[in-house]
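Read the structure below first, then the notes.
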Amino acid sequence: MSLDTSVTGCLHTPVLRERGQREVFCGLTGIIWLHRKMQDAFFLVVGSRTCAHLLQSAAGVMIFAEPRFGTAILEEKDLAGLADAHTELEREVERLLARRPDIRQLFLVGSCPSEVIKLDLSRTAERLNARHGPSVRVYNYSGSGIETTFTQGEDACLAAMVPGLEDTRDANLLIVGALPDVVEDQCLSLLTRMGLRNVSFLPSRRASDTPKVGENTRFILTQPFLADTAHALERRGAERIVAAFPFGEEGTTDWLRAVAKTHGVTLETFEAVTAPPRARARKAVAAHAETLRGKTLFLFPDSQLEIPLARFLARECGMLPVEVGTPYLHRGLMEPELALLPQTVLSEGQDVDLQLDRHAALKPDLTVCGLGLANPLEAAGHATKWAIELVFTPVHFYEQAGDLAGLFSRPLRRRALLEGAKA
């Protein structure tokens, strides 16, 4: 179906809103990909030993490695108010900066324990900025899992950076969302070949490349979970470019076309730049669509990627979404996606027991869910795909479209092989 075809899709579909027990990681998880992206940044979690164990196990850091994140562990005396946690935290930061002079951006990341005892990390960040700026920029944000899902850690991080971005009156394009370096390079190559200049990324790889923002800035999101960052940029006067998200050939083309239209790129130039990678993407996806076509799909709410992924799997791979759940449905960000998504059940939030009952009744061929649900569902005979893998893996833009489809075809192929071996 052409993107120029008039469709309404799920724009007016009623949404089942659930408020019950949830199965999600906390926002601290975002550090795992953010610390890899920002090469001169350090993420210091102010939390418990549980926070430290989560990051160590999830990131797979070897014991002799020195990663760009750590945990300032709150001891019992801190929690009991027997020590000034603010003073102790500042002392730990001084030790960290003395040991790691390469740090140019320091993020103080709040957790459930630090929020419960009301640590004021914003004031601590202000004091540290006055002491160490401008060579080191100190930010703070919350990665607590009390009210957030795991991808909102990135949103909170980037939103915290926006107020400190330098002003500019120059016309510029800002690409928002942490992308693997190889994907970022592909994106920049496409935009440069279309004639765009003054393109920057948030977050940047190094502090020296941090973008500027002003009333002549236009920005476009690469991730659907960056609502707070988008609002922060708009408060700085920047204008958001509205588009579907760059997953698969169709979403990537819509995303690039929206950028091209706002920057006066001719149709001939756009077609010349995008036609070859579009063809490669369609061919790569087709190899996996043979496995996926006609299969039913159920997405539990986890990463906020669910609606764009369901659109991609339905329209480009021929799958049949029977329920698309998402932690939060931001209609302002999702309108282009909802217009393209074929009619299905939409749910927002989670009551995990009720959702599991619906899942059992529908018996989908493939289930996308968090790690906490995957193993029990596999044991019950369902093919699953871990939602968190979709955040760690390069999946954006044309050259990754086949890899994205492959993430969903492999569980079905594996199950078919296992069933064949049993037979």
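Chains: A, B, ... in order of the structure tokens. Residues: from 1 per chain. Ligands: from 1, in order shown.
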With a cut-off of 10 Å, could you pull out the residues of region 90-126 of chain A touching region 136-158 of chain A and give me the nearest pair of atoms for each, distance in Å to one decimal, using only C-alpha atoms, ordered by chain and ascending number, as a tab-separated table?
```
residue	atom	partner	partner_atom	distance
A:Leu97	CA	A:Val136	CA	9.0
A:Pro101	CA	A:Val136	CA	9.4
A:Asp102	CA	A:Val136	CA	9.4
A:Ile103	CA	A:Val136	CA	6.9
A:Arg104	CA	A:Val136	CA	4.5
A:Gln105	CA	A:Arg137	CA	4.8
A:Leu106	CA	A:Val138	CA	4.7
A:Phe107	CA	A:Tyr139	CA	4.8
A:Leu108	CA	A:Asn140	CA	4.6
A:Val109	CA	A:Tyr141	CA	5.3
A:Gly110	CA	A:Ser142	CA	4.4
A:Ser111	CA	A:Ser144	CA	4.2
A:Cys112	CA	A:Ser144	CA	4.8
A:Pro113	CA	A:Ser144	CA	8.4
A:Ser114	CA	A:Ser144	CA	8.7
A:Glu115	CA	A:Ser144	CA	7.7
A:Val116	CA	A:Ile146	CA	9.9
A:Asp120	CA	A:Asn140	CA	9.7
A:Leu121	CA	A:Asn140	CA	6.3
A:Ser122	CA	A:Asn140	CA	6.0
A:Arg123	CA	A:Asn140	CA	9.3
A:Thr124	CA	A:Asn140	CA	8.7
A:Ala125	CA	A:Val138	CA	5.6
A:Glu126	CA	A:Val138	CA	7.6
```
Using the selection just defined, write its residues with C-alpha atoms as a PDB file, in the first residue's frame.
```pdb
ATOM      1  CA  LEU A  97      36.242  12.668  38.521  1.00  0.00           C
ATOM      2  CA  PRO A 101      39.571  12.783  33.954  1.00  0.00           C
ATOM      3  CA  ASP A 102      38.120  11.764  30.574  1.00  0.00           C
ATOM      4  CA  ILE A 103      34.564  12.360  31.827  1.00  0.00           C
ATOM      5  CA  ARG A 104      32.917  15.384  30.204  1.00  0.00           C
ATOM      6  CA  GLN A 105      29.275  14.631  31.024  1.00  0.00           C
ATOM      7  CA  LEU A 106      28.171  13.191  34.357  1.00  0.00           C
ATOM      8  CA  PHE A 107      24.620  11.965  34.910  1.00  0.00           C
ATOM      9  CA  LEU A 108      23.339  11.530  38.462  1.00  0.00           C
ATOM     10  CA  VAL A 109      20.586   8.960  38.042  1.00  0.00           C
ATOM     11  CA  GLY A 110      17.890   8.664  40.674  1.00  0.00           C
ATOM     12  CA  SER A 111      16.447   5.298  41.670  1.00  0.00           C
ATOM     13  CA  CYS A 112      13.586   3.985  43.781  1.00  0.00           C
ATOM     14  CA  PRO A 113      15.655   4.130  47.032  1.00  0.00           C
ATOM     15  CA  SER A 114      16.981   7.651  46.404  1.00  0.00           C
ATOM     16  CA  GLU A 115      13.499   8.921  45.608  1.00  0.00           C
ATOM     17  CA  VAL A 116      11.983   7.274  48.674  1.00  0.00           C
ATOM     18  CA  ASP A 120      17.635  16.216  45.979  1.00  0.00           C
ATOM     19  CA  LEU A 121      19.867  15.276  43.063  1.00  0.00           C
ATOM     20  CA  SER A 122      19.008  18.448  41.158  1.00  0.00           C
ATOM     21  CA  ARG A 123      20.580  20.637  43.848  1.00  0.00           C
ATOM     22  CA  THR A 124      23.578  18.313  43.993  1.00  0.00           C
ATOM     23  CA  ALA A 125      23.964  18.626  40.212  1.00  0.00           C
ATOM     24  CA  GLU A 126      23.831  22.430  40.491  1.00  0.00           C
TER      25      GLU A 126
END
```
Q | Surrounding residues of region 184-195 of chain A excluding itself and chain neighbours under 5 positions, 12 Å, only C-alpha atoms, as a PyMOL selection string | A | chain A and resi 37+173-179+200-205+222+246+252-253+255-261+263-278+394-400
Pull C-alpha atoms from the residues just selected and write them as a compact mmCIF listing (two decimals), in the first residue's frame.
```txt
# COMPACT_ATOMS: atom_id res chain seq x y z
CA LYS A 37 26.55 5.85 22.74
CA LEU A 173 17.98 19.73 11.79
CA LEU A 174 18.15 17.71 15.00
CA ILE A 175 17.77 13.91 14.95
CA VAL A 176 16.58 12.80 18.39
CA GLY A 177 17.11 9.37 19.91
CA ALA A 178 20.09 7.16 20.70
CA LEU A 179 21.08 5.21 17.58
CA SER A 200 23.14 17.02 14.45
CA PHE A 201 22.13 14.24 16.82
CA LEU A 202 20.84 14.11 20.37
CA PRO A 203 22.56 12.43 22.13
CA SER A 204 25.87 13.11 20.41
CA ARG A 205 28.79 10.74 20.68
CA THR A 222 13.75 8.19 15.85
CA PRO A 246 11.95 4.59 10.64
CA THR A 252 11.88 4.80 6.86
CA THR A 253 10.59 6.22 3.58
CA TRP A 255 10.36 9.47 7.90
CA LEU A 256 12.83 10.60 5.22
CA ARG A 257 10.07 12.04 3.04
CA ALA A 258 8.84 14.19 5.93
CA VAL A 259 12.36 15.56 6.47
CA ALA A 260 12.82 16.11 2.73
CA LYS A 261 9.55 18.03 2.38
CA HIS A 263 13.78 21.15 3.68
CA GLY A 264 12.70 21.64 0.07
CA VAL A 265 14.31 18.50 -1.35
CA THR A 266 13.01 17.83 -4.86
CA LEU A 267 11.11 14.63 -5.61
CA GLU A 268 13.75 13.65 -8.17
CA THR A 269 16.57 13.94 -5.62
CA PHE A 270 14.56 12.08 -2.99
CA GLU A 271 13.83 9.19 -5.35
CA ALA A 272 17.41 9.01 -6.59
CA VAL A 273 18.80 8.80 -3.05
CA THR A 274 16.23 6.40 -1.59
CA ALA A 275 15.37 4.05 -4.48
CA PRO A 276 18.42 1.70 -4.17
CA PRO A 277 18.24 1.20 -0.37
CA ARG A 278 14.44 0.87 -0.58
CA PRO A 394 20.24 -2.02 15.33
CA VAL A 395 16.77 -2.02 13.72
CA HIS A 396 16.27 1.48 12.24
CA PHE A 397 16.36 2.55 8.58
CA TYR A 398 16.69 0.64 5.32
CA GLU A 399 19.81 -1.46 5.85
CA GLN A 400 18.45 -2.94 9.09
```
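Minimum atom-to-atom distances from A:Leu226, A:Ala360, A:Ala379, A:Ile388 to His330 (chain A) were compared using only C-alpha atoms, and the lowest value belongs to A:Leu226.
DSSP, applied to the backbone of this structure, assigns strand (DSSP E) to the following residues of region 240-308 of chain A: Arg240, Thr296, Leu297, Phe298 and Leu299 of chain A.
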Mind writing the picked residues with N, CA, C and O atoms as a CSV table (one decimal), in the first residue's frame?
```csv
chain,number,residue,atom,x,y,z
A,240,ARG,N,8.7,20.2,15.8
A,240,ARG,CA,8.8,18.8,15.5
A,240,ARG,C,8.3,18.5,14.1
A,240,ARG,O,7.3,19.0,13.7
A,296,THR,N,-0.5,-15.0,13.4
A,296,THR,CA,-1.0,-14.0,14.4
A,296,THR,C,0.0,-13.5,15.3
A,296,THR,O,1.0,-14.2,15.7
A,297,LEU,N,-0.2,-12.3,15.8
A,297,LEU,CA,0.8,-11.6,16.6
A,297,LEU,C,0.1,-10.9,17.8
A,297,LEU,O,-0.9,-10.2,17.7
A,298,PHE,N,0.7,-11.1,19.0
A,298,PHE,CA,0.2,-10.5,20.2
A,298,PHE,C,1.4,-9.7,20.9
A,298,PHE,O,2.4,-10.3,21.1
A,299,LEU,N,1.2,-8.4,21.1
A,299,LEU,CA,2.3,-7.6,21.7
A,299,LEU,C,1.9,-7.2,23.1
A,299,LEU,O,0.9,-6.4,23.3
```
Q: as JSON, numbers by chain, list the residues of region 83-287 of chain A assigned to alpha helix (DSSP H) by DSSP on the backbone atoms of this structure.
A: {"A": [85, 86, 87, 88, 89, 90, 91, 92, 93, 94, 95, 96, 97, 98, 99, 112, 113, 114, 115, 116, 121, 122, 123, 124, 125, 126, 127, 128, 129, 130, 131, 132, 152, 153, 154, 155, 156, 157, 158, 159, 160, 161, 181, 182, 183, 184, 185, 186, 187, 188, 189, 190, 191, 192, 193, 227, 228, 229, 230, 231, 232, 233, 234, 235, 248, 249, 250, 251, 252, 253, 254, 255, 256, 257, 258, 259, 260, 261, 262, 267, 268, 269, 270, 271, 272, 273, 274, 275, 276, 277, 278, 279, 280, 281, 282, 283, 284, 285, 286, 287]}
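Among the candidates A:Leu417, A:Val324, A:Leu404, A:Ala387, the residue lying nearest to Arg17 (chain A) is A:Val324 (atoms considered: only C-alpha atoms).
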Q. Which of these residues is nearest to Pro327 (chain A), using only C-alpha atoms: A:Leu341, A:Val285, A:Pro301, A:Leu377?
A. A:Pro301
(Q) Just the number, please: distance in Å from CA of Thr29 (chain A) to CA of Gln56 (chain A), one decimal. (A) 10.4 Å
(Q) Between CA of Pro180 (chain A) and CA of Pro211 (chain A), what is the distance in Å, rounded to a tenth? (A) 17.5 Å
